[in-house]
Amino acid sequence: MPELIVYGIVLGSIIALGSVGLTLIWSITDLFNCAHGDQITAGAYFALLAGSLFSQLGFLQGKVGPFSFNWGVLLGFVPAILLSAGLAILIDRWVYRPLRRWGATSIVGFIASIGVAWVLRGLIYIIWGADFHFYSTGLRPMLFLPLGIKLRTDEIFIIVVAWAAVALVYLFLKRTKMGKALRALADNPPLARVAGIDTERMIVWAWAIAGTLIAIAGVLYGIETQLRPEMGWIFLLPLFAAIILGGQGSITGALAGGLVMGIAQQVSTAWLVPSYKPAVAFIIMILVLLFRPQGIFGRRRT
Amino acid sequence: MTDLRLENVVSGYGKMEVLHGLSLEVEEGEFASVLGPNGAGKTTLLRTIFGVVKPWKGKVYFRDEDITGFPPERLARMGMCYVPQEESIFPSLTVQENLEMGAFIRDDDIRPRIEEVLELFPDLRDRKQSRAGELSGGMRQMLAIGRALMLNPRLLLLDEPSTGLAPFLVDAIFDRIQKLNEEGVTIFLVEQNARAALRHSDRAYILEGGEKKAEGSAQEIWEDEEIGRLYLGR
């Protein structure tokens, strides 16, 4: 059991990364972004691209410290983040912004984002094929912790990087003028406009942040398992469950929700066949919607 | 100089026309009120002036400059600020952060201005780090006005500042607004609470069904029995 909880924290950290961006976009643009999962996949493949480029050039081949991946993948975070943020901003410019201009309802945006998700996944199939890809081959060093917990060194890396990224975003939102304006816009969009906060410019910022966290989530999940075109899609349900659990627009809620979803899904495998994991996300989401629709950390909308 | 002038403004939402050709004027330094029942178009009037709703026809002038169709941000830079009736604060931000957001478009050091605004509303000072959503109704209204004052506006637009407040708080809020007016801020507010508004105003308009029914000094409007009976429910 303690082992499952630790695995849950690993998975939950990755979900939390995705959920912060998702809730930010949801509260600012009213968009429930179904492409979030496939953007995570794209982020993972961007790092793969960078990593293989480095290895073709013949450098950065050495393994990083006690971890299974090489320096090429670690440095690959940088182009992955840039490409992922750029992709998110472009998708918004080409798809969601025109929809906002036409005054489309949020359900239209929701359906458009399903289309975006399929296009992204299709492109990944075309470019990289359906085969699994790995950042690294060979041994994945293991640690033996008390309570019979076996943890890969990579998984320590995942938790540390995920929460460091979350902490940075949290500080950005709490301390900087831009971050406060983003929260203000998420809180009360009409008043934010009255205060002279430029919504469209803020939306670009929100997508940049979401894209950054998406890329980090994708690369971390790629390190944890393997890269396949469907890898991100399966995150969508736990992501939605996490932000509904956390309450719309609540960053801390999204983080806690992500962690809860990860742990709940992993712990459920003690009794359930692992392929039923997504059902756990569903059940939690339904229970929250039934009994506390504003989420655990959310406030009631007046 | 007139701080605000509307000429035959027609405005509304979608296909629904709310204001049917409204003209009015507010002089520099004046305290002017628009009174009228629910659904008279009072909120639409303020939203149209502040560029949240674009007028269909007519002209809006701010300090004799044609501002018809200017977006809110531009008007805020020019010295016009707006306190909406509902959801006039950022509930999950702290009091301090709400004030900071009031000066979002300023790039210089806003700390002195925050101090000045807190001088005006000393009650807010002790709650600087509280989440605005936890404040009482009266404090929220003070914060909403304080936020709008962050840019040192010349003209302050207020939408029903008395809404949802106990009578003694209504007086307190109006006293503050009066004090602002005495310090040189032109006030243009819309109200259902005619008594409170007229006691402090210089000039008043009666709005009903999107049309101006009467105008005059606050004294005249208050003493006119017919207006009182027809529009103010007295």
# chains A, B, ... in the order shown; residues from 1 in each chain; ligands from 1

$ interface_residues --of "chain B" --to "chain A" --cutoff "8 Å" --atoms "only C-alpha atoms" --output "PyMOL selection string"
chain B and resi 52+72-74+76+82+84+87-93+97+101-105+148

$ write_last_selection --atoms "N, CA and C atoms" --output "mmCIF file, in the first residue's frame"
data_model
loop_
_atom_site.group_PDB
_atom_site.id
_atom_site.type_symbol
_atom_site.label_atom_id
_atom_site.label_comp_id
_atom_site.auth_asym_id
_atom_site.auth_seq_id
_atom_site.Cartn_x
_atom_site.Cartn_y
_atom_site.Cartn_z
ATOM 1 N N VAL B 52 -18.031 49.578 -22.303
ATOM 2 C CA VAL B 52 -18.242 48.137 -22.157
ATOM 3 C C VAL B 52 -19.280 47.690 -23.195
ATOM 4 N N PRO B 72 -12.700 50.519 -22.522
ATOM 5 C CA PRO B 72 -12.524 50.903 -21.112
ATOM 6 C C PRO B 72 -11.086 51.273 -20.759
ATOM 7 N N GLU B 73 -10.148 50.498 -21.270
ATOM 8 C CA GLU B 73 -8.758 50.742 -20.884
ATOM 9 C C GLU B 73 -8.331 52.155 -21.249
ATOM 10 N N ARG B 74 -8.730 52.583 -22.451
ATOM 11 C CA ARG B 74 -8.343 53.905 -22.935
ATOM 12 C C ARG B 74 -8.990 54.990 -22.066
ATOM 13 N N ALA B 76 -9.912 54.633 -18.962
ATOM 14 C CA ALA B 76 -9.263 54.619 -17.653
ATOM 15 C C ALA B 76 -7.986 55.450 -17.701
ATOM 16 N N TYR B 82 -14.761 53.372 -13.262
ATOM 17 C CA TYR B 82 -16.112 52.819 -13.181
ATOM 18 C C TYR B 82 -16.163 51.774 -12.079
ATOM 19 N N PRO B 84 -18.610 48.929 -11.010
ATOM 20 C CA PRO B 84 -19.834 48.201 -11.356
ATOM 21 C C PRO B 84 -20.648 47.887 -10.098
ATOM 22 N N GLU B 87 -20.281 42.189 -8.330
ATOM 23 C CA GLU B 87 -18.976 41.604 -8.587
ATOM 24 C C GLU B 87 -17.971 42.701 -8.911
ATOM 25 N N SER B 88 -17.912 43.686 -8.025
ATOM 26 C CA SER B 88 -17.062 44.840 -8.279
ATOM 27 C C SER B 88 -15.686 44.690 -7.648
ATOM 28 N N ILE B 89 -15.394 43.488 -7.161
ATOM 29 C CA ILE B 89 -14.064 43.218 -6.607
ATOM 30 C C ILE B 89 -13.565 41.885 -7.180
ATOM 31 N N PHE B 90 -12.281 41.601 -6.920
ATOM 32 C CA PHE B 90 -11.722 40.296 -7.270
ATOM 33 C C PHE B 90 -11.710 39.461 -5.986
ATOM 34 N N PRO B 91 -12.683 38.571 -5.807
ATOM 35 C CA PRO B 91 -12.852 37.946 -4.482
ATOM 36 C C PRO B 91 -11.676 37.098 -4.011
ATOM 37 N N SER B 92 -10.967 36.426 -4.924
ATOM 38 C CA SER B 92 -9.911 35.546 -4.410
ATOM 39 C C SER B 92 -8.570 36.269 -4.294
ATOM 40 N N LEU B 93 -8.537 37.546 -4.694
ATOM 41 C CA LEU B 93 -7.323 38.330 -4.490
ATOM 42 C C LEU B 93 -7.420 39.038 -3.136
ATOM 43 N N GLU B 97 -4.007 43.325 -3.306
ATOM 44 C CA GLU B 97 -3.909 42.956 -4.719
ATOM 45 C C GLU B 97 -5.037 43.580 -5.546
ATOM 46 N N MET B 101 -4.494 45.899 -8.752
ATOM 47 C CA MET B 101 -5.123 45.671 -10.052
ATOM 48 C C MET B 101 -5.851 46.917 -10.545
ATOM 49 N N GLY B 102 -6.313 47.745 -9.589
ATOM 50 C CA GLY B 102 -6.943 49.005 -9.982
ATOM 51 C C GLY B 102 -5.990 49.884 -10.762
ATOM 52 N N ALA B 103 -4.695 49.740 -10.467
ATOM 53 C CA ALA B 103 -3.689 50.548 -11.151
ATOM 54 C C ALA B 103 -2.911 49.707 -12.144
ATOM 55 N N PHE B 104 -3.541 48.671 -12.664
ATOM 56 C CA PHE B 104 -2.833 47.761 -13.566
ATOM 57 C C PHE B 104 -2.149 48.487 -14.719
ATOM 58 N N ILE B 105 -2.839 49.492 -15.270
ATOM 59 C CA ILE B 105 -2.272 50.132 -16.467
ATOM 60 C C ILE B 105 -1.177 51.144 -16.128
ATOM 61 N N ALA B 148 -11.228 51.692 -7.913
ATOM 62 C CA ALA B 148 -11.451 52.619 -9.019
ATOM 63 C C ALA B 148 -10.665 53.916 -8.828
#

$ select_by_dssp --residues "segment 169-291 of chain A" --states "alpha helix (DSSP H)" --output "ChimeraX atom specification"
/A:169-175,177-187,189-194,199-224,236-246,251-268,277-291

$ residues_around --residues "segment 281-295 of chain A" --least-positions-apart "4" --cutoff "10 Å" --atoms "only C-alpha atoms" --output "count of residues only"
28

$ residues_around --residues "segment 49-66 of chain A" --least-positions-apart "4" --cutoff "7 Å" --atoms "only C-alpha atoms" --output "ChimeraX atom specification"
/A:45,70-73,76,79,141,153

$ select_by_dssp --residues "segment 38-226 of chain B" --states "strand (DSSP E)" --output "ChimeraX atom specification"
/B:57-62,65-66,80-83,155-159,186-191,203-208,211-217

$ write_last_selection --atoms "C-alpha atoms" --output "short mmCIF file (atom, residue, chain, number, x, y, z; two decimals), in the first residue's frame"
data_model
loop_
_atom_site.label_atom_id
_atom_site.label_comp_id
_atom_site.auth_asym_id
_atom_site.auth_seq_id
_atom_site.Cartn_x
_atom_site.Cartn_y
_atom_site.Cartn_z
CA LYS B 57 -26.12 55.86 -32.23
CA GLY B 58 -25.25 59.17 -30.68
CA LYS B 59 -22.09 60.65 -29.19
CA VAL B 60 -20.36 60.51 -25.82
CA TYR B 61 -17.94 63.29 -24.82
CA PHE B 62 -15.48 63.27 -21.95
CA GLU B 65 -13.44 65.10 -26.41
CA ASP B 66 -15.46 62.62 -28.47
CA MET B 80 -12.52 57.97 -16.13
CA CYS B 81 -13.13 55.06 -13.76
CA TYR B 82 -16.11 52.82 -13.18
CA VAL B 83 -17.39 50.88 -10.17
CA LEU B 155 -14.65 61.33 -13.28
CA LEU B 156 -15.95 58.42 -11.22
CA LEU B 157 -18.90 56.38 -12.50
CA LEU B 158 -20.73 54.45 -9.78
CA ASP B 159 -23.46 51.87 -10.27
CA THR B 186 -16.56 64.56 -10.59
CA ILE B 187 -19.18 62.01 -9.57
CA PHE B 188 -21.75 60.42 -11.85
CA LEU B 189 -23.80 57.72 -10.20
CA VAL B 190 -26.97 55.80 -10.87
CA GLU B 191 -29.19 54.86 -7.93
CA ARG B 203 -27.82 67.63 -10.32
CA ALA B 204 -30.20 64.75 -10.96
CA TYR B 205 -31.81 62.99 -13.88
CA ILE B 206 -34.82 60.71 -13.85
CA LEU B 207 -34.54 57.73 -16.17
CA GLU B 208 -37.35 55.35 -16.97
CA GLU B 211 -35.75 57.68 -21.62
CA LYS B 212 -35.01 60.80 -19.66
CA LYS B 213 -38.19 61.83 -17.84
CA ALA B 214 -36.91 64.79 -15.89
CA GLU B 215 -33.78 66.72 -14.99
CA GLY B 216 -32.90 69.49 -12.63
CA SER B 217 -31.03 70.37 -9.49
#

$ residues_around --residues "Gly232 of chain A" --least-positions-apart "2" --cutoff "12 Å" --atoms "only C-alpha atoms" --output "PDB file with N, CA and C atoms, in the first residue's frame"
ATOM      1  N   ILE A  14       2.390  14.529 -12.074  1.00  0.00           N
ATOM      2  CA  ILE A  14       2.276  14.779 -13.512  1.00  0.00           C
ATOM      3  C   ILE A  14       0.883  15.330 -13.836  1.00  0.00           C
ATOM      4  N   ILE A  15      -0.142  14.723 -13.217  1.00  0.00           N
ATOM      5  CA  ILE A  15      -1.511  15.212 -13.448  1.00  0.00           C
ATOM      6  C   ILE A  15      -1.636  16.654 -12.950  1.00  0.00           C
ATOM      7  N   GLY A  18      -0.473  19.199 -15.414  1.00  0.00           N
ATOM      8  CA  GLY A  18      -1.429  19.451 -16.486  1.00  0.00           C
ATOM      9  C   GLY A  18      -2.638  20.217 -15.996  1.00  0.00           C
ATOM     10  N   CYS A  34     -10.081  19.942 -24.467  1.00  0.00           N
ATOM     11  CA  CYS A  34      -9.944  18.495 -24.651  1.00  0.00           C
ATOM     12  C   CYS A  34      -8.633  18.110 -25.308  1.00  0.00           C
ATOM     13  N   ALA A  35      -7.925  19.073 -25.858  1.00  0.00           N
ATOM     14  CA  ALA A  35      -6.657  18.757 -26.505  1.00  0.00           C
ATOM     15  C   ALA A  35      -5.500  18.766 -25.516  1.00  0.00           C
ATOM     16  N   HIS A  36      -5.793  19.076 -24.250  1.00  0.00           N
ATOM     17  CA  HIS A  36      -4.728  19.183 -23.258  1.00  0.00           C
ATOM     18  C   HIS A  36      -3.883  17.911 -23.202  1.00  0.00           C
ATOM     19  N   GLY A  37      -4.567  16.769 -23.216  1.00  0.00           N
ATOM     20  CA  GLY A  37      -3.855  15.497 -23.150  1.00  0.00           C
ATOM     21  C   GLY A  37      -2.942  15.294 -24.337  1.00  0.00           C
ATOM     22  N   ASP A  38      -3.450  15.582 -25.537  1.00  0.00           N
ATOM     23  CA  ASP A  38      -2.624  15.368 -26.724  1.00  0.00           C
ATOM     24  C   ASP A  38      -1.513  16.404 -26.836  1.00  0.00           C
ATOM     25  N   GLN A  39      -1.741  17.571 -26.227  1.00  0.00           N
ATOM     26  CA  GLN A  39      -0.641  18.540 -26.164  1.00  0.00           C
ATOM     27  C   GLN A  39       0.466  18.007 -25.253  1.00  0.00           C
ATOM     28  N   ILE A  40       0.073  17.263 -24.217  1.00  0.00           N
ATOM     29  CA  ILE A  40       1.072  16.606 -23.353  1.00  0.00           C
ATOM     30  C   ILE A  40       1.889  15.616 -24.197  1.00  0.00           C
ATOM     31  N   THR A  41       1.183  14.819 -25.023  1.00  0.00           N
ATOM     32  CA  THR A  41       1.882  13.886 -25.905  1.00  0.00           C
ATOM     33  C   THR A  41       2.866  14.636 -26.803  1.00  0.00           C
ATOM     34  N   ALA A  42       2.387  15.718 -27.403  1.00  0.00           N
ATOM     35  CA  ALA A  42       3.250  16.488 -28.302  1.00  0.00           C
ATOM     36  C   ALA A  42       4.488  16.974 -27.559  1.00  0.00           C
ATOM     37  N   GLY A  43       4.302  17.456 -26.321  1.00  0.00           N
ATOM     38  CA  GLY A  43       5.437  17.919 -25.521  1.00  0.00           C
ATOM     39  C   GLY A  43       6.476  16.828 -25.347  1.00  0.00           C
ATOM     40  N   ALA A  44       6.011  15.611 -25.071  1.00  0.00           N
ATOM     41  CA  ALA A  44       6.934  14.485 -24.883  1.00  0.00           C
ATOM     42  C   ALA A  44       7.706  14.204 -26.177  1.00  0.00           C
ATOM     43  N   TYR A  45       6.999  14.228 -27.305  1.00  0.00           N
ATOM     44  CA  TYR A  45       7.672  13.952 -28.582  1.00  0.00           C
ATOM     45  C   TYR A  45       8.631  15.074 -28.975  1.00  0.00           C
ATOM     46  N   ALA A 117      -7.553  17.989 -30.689  1.00  0.00           N
ATOM     47  CA  ALA A 117      -6.925  16.804 -30.092  1.00  0.00           C
ATOM     48  C   ALA A 117      -6.679  15.740 -31.154  1.00  0.00           C
ATOM     49  N   TRP A 118      -7.695  15.496 -31.997  1.00  0.00           N
ATOM     50  CA  TRP A 118      -7.552  14.457 -33.019  1.00  0.00           C
ATOM     51  C   TRP A 118      -6.512  14.837 -34.067  1.00  0.00           C
ATOM     52  N   LEU A 120      -3.907  16.750 -33.593  1.00  0.00           N
ATOM     53  CA  LEU A 120      -2.580  16.599 -32.985  1.00  0.00           C
ATOM     54  C   LEU A 120      -2.167  15.132 -32.954  1.00  0.00           C
ATOM     55  N   ARG A 121      -3.078  14.288 -32.505  1.00  0.00           N
ATOM     56  CA  ARG A 121      -2.740  12.873 -32.396  1.00  0.00           C
ATOM     57  C   ARG A 121      -2.445  12.289 -33.774  1.00  0.00           C
ATOM     58  N   ILE A 124       0.958  13.235 -34.860  1.00  0.00           N
ATOM     59  CA  ILE A 124       1.985  12.468 -34.145  1.00  0.00           C
ATOM     60  C   ILE A 124       2.107  11.064 -34.749  1.00  0.00           C
ATOM     61  N   ILE A 214       2.561  21.758 -19.682  1.00  0.00           N
ATOM     62  CA  ILE A 214       2.209  20.605 -20.512  1.00  0.00           C
ATOM     63  C   ILE A 214       3.474  19.882 -20.971  1.00  0.00           C
ATOM     64  N   ALA A 215       4.445  20.659 -21.463  1.00  0.00           N
ATOM     65  CA  ALA A 215       5.680  20.044 -21.964  1.00  0.00           C
ATOM     66  C   ALA A 215       6.396  19.311 -20.834  1.00  0.00           C
ATOM     67  N   ALA A 217       5.086  18.091 -18.124  1.00  0.00           N
ATOM     68  CA  ALA A 217       4.314  16.887 -17.801  1.00  0.00           C
ATOM     69  C   ALA A 217       4.584  15.788 -18.817  1.00  0.00           C
ATOM     70  N   GLY A 218       4.600  16.156 -20.100  1.00  0.00           N
ATOM     71  CA  GLY A 218       4.813  15.163 -21.155  1.00  0.00           C
ATOM     72  C   GLY A 218       6.173  14.502 -21.045  1.00  0.00           C
ATOM     73  N   VAL A 219       7.214  15.310 -20.875  1.00  0.00           N
ATOM     74  CA  VAL A 219       8.560  14.735 -20.808  1.00  0.00           C
ATOM     75  C   VAL A 219       8.687  13.854 -19.565  1.00  0.00           C
ATOM     76  N   LEU A 220       8.141  14.319 -18.450  1.00  0.00           N
ATOM     77  CA  LEU A 220       8.231  13.516 -17.225  1.00  0.00           C
ATOM     78  C   LEU A 220       7.487  12.187 -17.388  1.00  0.00           C
ATOM     79  N   TYR A 221       6.332  12.247 -18.022  1.00  0.00           N
ATOM     80  CA  TYR A 221       5.593  10.995 -18.203  1.00  0.00           C
ATOM     81  C   TYR A 221       6.327  10.076 -19.173  1.00  0.00           C
ATOM     82  N   GLY A 222       6.978  10.688 -20.176  1.00  0.00           N
ATOM     83  CA  GLY A 222       7.791   9.903 -21.101  1.00  0.00           C
ATOM     84  C   GLY A 222       8.942   9.216 -20.383  1.00  0.00           C
ATOM     85  N   THR A 225       7.289   6.271 -18.309  1.00  0.00           N
ATOM     86  CA  THR A 225       6.858   5.093 -19.064  1.00  0.00           C
ATOM     87  C   THR A 225       7.546   5.059 -20.421  1.00  0.00           C
ATOM     88  N   GLN A 226       6.743   5.170 -21.471  1.00  0.00           N
ATOM     89  CA  GLN A 226       7.332   5.246 -22.809  1.00  0.00           C
ATOM     90  C   GLN A 226       6.470   6.184 -23.641  1.00  0.00           C
ATOM     91  N   LEU A 227       6.979   6.569 -24.810  1.00  0.00           N
ATOM     92  CA  LEU A 227       6.223   7.497 -25.634  1.00  0.00           C
ATOM     93  C   LEU A 227       5.364   6.726 -26.613  1.00  0.00           C
ATOM     94  N   ARG A 228       4.084   7.042 -26.621  1.00  0.00           N
ATOM     95  CA  ARG A 228       3.184   6.464 -27.607  1.00  0.00           C
ATOM     96  C   ARG A 228       2.117   7.511 -27.916  1.00  0.00           C
ATOM     97  N   PRO A 229       1.541   7.450 -29.101  1.00  0.00           N
ATOM     98  CA  PRO A 229       0.651   8.550 -29.509  1.00  0.00           C
ATOM     99  C   PRO A 229      -0.566   8.731 -28.609  1.00  0.00           C
ATOM    100  N   GLU A 230      -0.929   7.701 -27.864  1.00  0.00           N
ATOM    101  CA  GLU A 230      -2.117   7.812 -27.015  1.00  0.00           C
ATOM    102  C   GLU A 230      -1.771   8.199 -25.579  1.00  0.00           C
ATOM    103  N   ILE A 234      -5.097   9.603 -22.420  1.00  0.00           N
ATOM    104  CA  ILE A 234      -5.645   8.939 -21.238  1.00  0.00           C
ATOM    105  C   ILE A 234      -5.591   9.824 -19.997  1.00  0.00           C
ATOM    106  N   PHE A 235      -4.829  10.936 -20.085  1.00  0.00           N
ATOM    107  CA  PHE A 235      -4.756  11.845 -18.943  1.00  0.00           C
ATOM    108  C   PHE A 235      -5.970  12.758 -18.846  1.00  0.00           C
ATOM    109  N   LEU A 236      -6.702  12.837 -19.963  1.00  0.00           N
ATOM    110  CA  LEU A 236      -7.726  13.869 -20.031  1.00  0.00           C
ATOM    111  C   LEU A 236      -8.755  13.731 -18.910  1.00  0.00           C
ATOM    112  N   LEU A 237      -9.202  12.506 -18.717  1.00  0.00           N
ATOM    113  CA  LEU A 237     -10.232  12.293 -17.708  1.00  0.00           C
ATOM    114  C   LEU A 237      -9.734  12.625 -16.303  1.00  0.00           C
ATOM    115  N   PRO A 238      -8.577  12.058 -15.893  1.00  0.00           N
ATOM    116  CA  PRO A 238      -8.078  12.467 -14.575  1.00  0.00           C
ATOM    117  C   PRO A 238      -7.829  13.971 -14.474  1.00  0.00           C
ATOM    118  N   LEU A 239      -7.417  14.610 -15.577  1.00  0.00           N
ATOM    119  CA  LEU A 239      -7.195  16.062 -15.536  1.00  0.00           C
ATOM    120  C   LEU A 239      -8.501  16.788 -15.243  1.00  0.00           C
TER     121      LEU A 239
END

$ closest_residue --among "A:Ile263, A:Leu151, A:Ile159, A:Ala88" --to "Val116 of chain A" --atoms "only C-alpha atoms"
A:Ala88

$ atom_distance --atom1 "atom CA of Ile107 of chain A" --atom2 "atom CA of Ile203 of chain A"
18.4 Å

$ closest_residue --among "B:Gly133, B:Gly233, B:Gly41, B:Gly29" --to "Asp3 of chain B" --atoms "only C-alpha atoms"
B:Gly29

$ atom_distance --atom1 "atom CA of Asp224 of chain B" --atom2 "atom CA of Val185 of chain B"
28.0 Å

$ closest_residue --among "B:Leu124, B:Val26, B:Leu230, B:Ile114" --to "Leu149 of chain B" --atoms "only C-alpha atoms"
B:Ile114

$ residues_around --residues "Phe174 of chain B" --least-positions-apart "4" --cutoff "8 Å" --atoms "only C-alpha atoms" --output "ChimeraX atom specification"
/B:170,178,196-197,200

$ residues_around --residues "Arg152 of chain A" --least-positions-apart "4" --cutoff "10 Å" --atoms "only C-alpha atoms" --output "ChimeraX atom specification"
/A:66-68,140-144,156-158,224

$ write_last_selection --atoms "N, CA and C atoms" --output "PDB file, in the first residue's frame"
ATOM      1  N   PRO A  66      22.421   9.595 -11.529  1.00  0.00           N
ATOM      2  CA  PRO A  66      21.914   8.240 -11.284  1.00  0.00           C
ATOM      3  C   PRO A  66      20.669   7.914 -12.111  1.00  0.00           C
ATOM      4  N   PHE A  67      20.334   8.756 -13.097  1.00  0.00           N
ATOM      5  CA  PHE A  67      19.072   8.562 -13.800  1.00  0.00           C
ATOM      6  C   PHE A  67      19.248   7.755 -15.078  1.00  0.00           C
ATOM      7  N   SER A  68      18.119   7.349 -15.684  1.00  0.00           N
ATOM      8  CA  SER A  68      18.203   6.459 -16.847  1.00  0.00           C
ATOM      9  C   SER A  68      18.380   7.219 -18.150  1.00  0.00           C
ATOM     10  N   ARG A 140      17.089   0.933 -15.678  1.00  0.00           N
ATOM     11  CA  ARG A 140      16.510   2.048 -14.942  1.00  0.00           C
ATOM     12  C   ARG A 140      16.851   1.837 -13.479  1.00  0.00           C
ATOM     13  N   PRO A 141      17.805   2.628 -12.961  1.00  0.00           N
ATOM     14  CA  PRO A 141      18.282   2.381 -11.593  1.00  0.00           C
ATOM     15  C   PRO A 141      17.137   2.466 -10.588  1.00  0.00           C
ATOM     16  N   MET A 142      17.198   1.598  -9.610  1.00  0.00           N
ATOM     17  CA  MET A 142      16.125   1.448  -8.630  1.00  0.00           C
ATOM     18  C   MET A 142      16.649   1.766  -7.238  1.00  0.00           C
ATOM     19  N   LEU A 143      15.810   2.335  -6.414  1.00  0.00           N
ATOM     20  CA  LEU A 143      16.148   2.583  -5.016  1.00  0.00           C
ATOM     21  C   LEU A 143      15.261   1.719  -4.133  1.00  0.00           C
ATOM     22  N   PHE A 144      15.810   1.212  -3.044  1.00  0.00           N
ATOM     23  CA  PHE A 144      14.993   0.457  -2.103  1.00  0.00           C
ATOM     24  C   PHE A 144      14.812   1.283  -0.845  1.00  0.00           C
ATOM     25  N   ILE A 156      12.078   9.940  -8.461  1.00  0.00           N
ATOM     26  CA  ILE A 156      12.432  11.044  -7.573  1.00  0.00           C
ATOM     27  C   ILE A 156      12.585  12.315  -8.399  1.00  0.00           C
ATOM     28  N   PHE A 157      13.274  12.162  -9.527  1.00  0.00           N
ATOM     29  CA  PHE A 157      13.473  13.293 -10.448  1.00  0.00           C
ATOM     30  C   PHE A 157      12.125  13.875 -10.865  1.00  0.00           C
ATOM     31  N   ILE A 158      11.174  12.983 -11.209  1.00  0.00           N
ATOM     32  CA  ILE A 158       9.855  13.432 -11.670  1.00  0.00           C
ATOM     33  C   ILE A 158       9.167  14.270 -10.597  1.00  0.00           C
ATOM     34  N   GLU A 224       8.878   8.361 -17.223  1.00  0.00           N
ATOM     35  CA  GLU A 224       8.280   7.364 -16.349  1.00  0.00           C
ATOM     36  C   GLU A 224       7.890   6.095 -17.131  1.00  0.00           C
TER      37      GLU A 224
END

$ atom_distance --atom1 "atom CA of Glu3 of chain A" --atom2 "atom CA of Thr269 of chain A"
11.5 Å
